[in-house]
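Trainee: Sharing model-v6.pdb (PDB, C-alpha atoms) below.
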ATOM      1  CA  MET J   1       0.000   0.000   0.000  1.00  0.00           C
ATOM      2  CA  ASN J   2       2.862   2.343   0.779  1.00  0.00           C
ATOM      3  CA  THR J   3       4.411   1.829  -2.678  1.00  0.00           C
ATOM      4  CA  PHE J   4       1.093   2.614  -4.353  1.00  0.00           C
ATOM      5  CA  MET J   5       0.809   5.877  -2.421  1.00  0.00           C
ATOM      6  CA  ASN J   6       4.357   6.815  -3.430  1.00  0.00           C
ATOM      7  CA  VAL J   7       3.613   6.156  -7.101  1.00  0.00           C
ATOM      8  CA  LEU J   8       0.365   8.116  -6.822  1.00  0.00           C
ATOM      9  CA  ALA J   9       2.160  11.057  -5.190  1.00  0.00           C
ATOM     10  CA  ILE J  10       4.852  11.097  -7.912  1.00  0.00           C
ATOM     11  CA  ALA J  11       2.175  10.960 -10.636  1.00  0.00           C
ATOM     12  CA  ALA J  12       0.303  13.865  -9.001  1.00  0.00           C
ATOM     13  CA  LEU J  13       3.484  15.957  -8.758  1.00  0.00           C
ATOM     14  CA  PHE J  14       4.351  15.141 -12.368  1.00  0.00           C
ATOM     15  CA  ALA J  15       0.860  16.244 -13.452  1.00  0.00           C
ATOM     16  CA  LEU J  16       1.141  19.493 -11.474  1.00  0.00           C
ATOM     17  CA  VAL J  17       4.483  20.278 -13.119  1.00  0.00           C
ATOM     18  CA  LEU J  18       3.244  19.510 -16.630  1.00  0.00           C
ATOM     19  CA  LEU J  19      -0.161  21.213 -16.333  1.00  0.00           C
ATOM     20  CA  PRO J  20       1.013  24.820 -16.981  1.00  0.00           C
ATOM     21  CA  ALA J  21       3.079  23.731 -19.975  1.00  0.00           C
ATOM     22  CA  LEU J  22       0.167  21.816 -21.484  1.00  0.00           C
ATOM     23  CA  VAL J  23      -2.236  24.718 -20.925  1.00  0.00           C
ATOM     24  CA  GLY J  24       0.253  27.104 -22.556  1.00  0.00           C
ATOM     25  CA  LEU J  25       0.726  24.757 -25.499  1.00  0.00           C
ATOM     26  CA  ALA J  26      -3.028  24.513 -26.023  1.00  0.00           C
ATOM     27  CA  ARG J  27      -3.323  28.312 -25.892  1.00  0.00           C
ATOM     28  CA  GLU J  28      -0.477  28.768 -28.409  1.00  0.00           C
ATOM     29  CA  ARG J  29      -2.068  26.290 -30.815  1.00  0.00           C
ATOM     30  CA  ARG J  30      -5.423  28.090 -30.547  1.00  0.00           C
ATOM     31  CA  ILE J  31      -3.797  31.454 -31.281  1.00  0.00           C
ATOM     32  CA  ASP J  32      -1.873  29.994 -34.234  1.00  0.00           C
ATOM     33  CA  ARG J  33      -5.089  28.501 -35.606  1.00  0.00           C
ATOM     34  CA  GLU J  34      -6.863  31.875 -35.314  1.00  0.00           C
ATOM     35  CA  LEU J  35      -3.978  33.694 -37.006  1.00  0.00           C
ATOM     36  CA  ARG J  36      -3.911  31.189 -39.865  1.00  0.00           C
ATOM     37  CA  ALA J  37      -7.679  31.568 -40.339  1.00  0.00           C
ATOM     38  CA  ALA J  38      -7.394  35.365 -40.362  1.00  0.00           C
ATOM     39  CA  GLU J  39      -4.547  35.244 -42.881  1.00  0.00           C
ATOM     40  CA  HIS J  40      -6.553  32.905 -45.090  1.00  0.00           C
ATOM     41  CA  GLU J  41      -9.577  35.232 -44.936  1.00  0.00           C
ATOM     42  CA  ARG J  42      -7.417  38.256 -45.690  1.00  0.00           C
ATOM     43  CA  ARG J  43      -5.954  36.583 -48.776  1.00  0.00           C
ATOM     44  CA  ALA J  44      -9.366  35.445 -49.973  1.00  0.00           C
ATOM     45  CA  GLU J  45     -10.826  38.985 -49.943  1.00  0.00           C
ATOM     46  CA  PRO J  46     -10.324  41.111 -53.051  1.00  0.00           C
ATOM     47  CA  PRO J  47      -8.104  44.096 -52.337  1.00  0.00           C
ATOM     48  CA  GLU J  48     -10.139  47.273 -51.889  1.00  0.00           C
ATOM     49  CA  THR J  49      -7.335  49.568 -53.006  1.00  0.00           C
ATOM     50  CA  ALA J  50      -6.345  47.734 -56.170  1.00  0.00           C
ATOM     51  CA  GLY J  51      -6.663  50.868 -58.316  1.00  0.00           C
ATOM     52  CA  ALA J  52      -5.263  53.250 -55.740  1.00  0.00           C
ATOM     53  CA  ALA J  53      -1.816  54.749 -56.046  1.00  0.00           C
ATOM     54  CA  GLN J  54       1.005  53.054 -54.213  1.00  0.00           C
ATOM     55  CA  PRO J  55       2.542  54.918 -51.274  1.00  0.00           C
ATOM     56  CA  VAL J  56       5.707  56.820 -52.022  1.00  0.00           C
ATOM     57  CA  THR J  57       8.770  55.526 -50.267  1.00  0.00           C
ATOM     58  CA  ALA J  58      11.744  57.831 -50.009  1.00  0.00           C
ATOM     59  CA  THR J  59      15.223  56.974 -48.901  1.00  0.00           C
ATOM     60  CA  ARG J  60      16.771  59.050 -46.159  1.00  0.00           C
ATOM     61  CA  ARG J  61      19.916  60.910 -46.991  1.00  0.00           C
ATOM     62  CA  PRO J  62      22.590  60.685 -44.351  1.00  0.00           C
ATOM     63  CA  TYR J  63      23.308  63.834 -42.425  1.00  0.00           C
ATOM     64  CA  PRO J  64      26.549  65.517 -43.490  1.00  0.00           C
ATOM     65  CA  ARG J  65      29.334  65.258 -40.980  1.00  0.00           C
ATOM     66  CA  VAL J  66      30.224  68.418 -39.103  1.00  0.00           C
ATOM     67  CA  GLY J  67      33.173  70.116 -40.768  1.00  0.00           C
ATOM     68  CA  ALA J  68      32.919  67.996 -43.939  1.00  0.00           C
ATOM     69  CA  ARG J  69      33.323  69.677 -47.290  1.00  0.00           C
ATOM     70  CA  VAL J  70      30.218  69.619 -49.439  1.00  0.00           C
TER      71      VAL J  70
END
Any chance you could give the structure as structure tokens?
Mentor:
Amino acid sequence: MNTFMNVLAIAALFALVLLPALVGLARERRIDRELRAAEHERRAEPPETAGAAQPVTATRRPYPRVGARV
């Protein structure tokens, strides 16, 4: 009987240690599934701004060094 109680106690401790990790894993998988579904929906929708002009991207010029000849 004593051995059974020891095994039961070890199993309970093992479950308590693994429980937060398993809950976190389930939460991560749910979030990943929601993100994949949202990405799939976003790709399936026709773009609303297909005819609109593209945003202008400009490159930044570096600041001249102090005392440098121009």
Trainee: Box for segment 29-36 of chain J: with edges along x, y and z, all listed atoms inside and 4 Å added on each side, what are the centre and edge lengths in Å to one decimal, as JSON?
Mentor:
{"center_x": -4.4, "center_y": 30.0, "center_z": -35.2, "size_x": 13.0, "size_y": 15.4, "size_z": 17.3}
Trainee: I'd like the interatomic distance between atom CA of Leu13 of chain J and atom CA of Ala26 of chain J, to a tenth of an Å.
Mentor: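 Atom CA of Ala26 of chain J lies 20.3 Å from atom CA of Leu13 of chain J.
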Trainee: May I ask for the distance between atom CA of Val23 of chain J and atom CA of Ala11 of chain J, given in Å to one decimal place?
Mentor: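 Separation of atom CA of Val23 of chain J and atom CA of Ala11 of chain J: 17.7 Å.
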Trainee: When you draw a straight line from atom CA of Arg30 of chain J to atom CA of Ala15 of chain J, how long is it in Å?
Mentor: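 Computing the Euclidean distance for atom CA of Arg30 of chain J and atom CA of Ala15 of chain J yields 21.7 Å.
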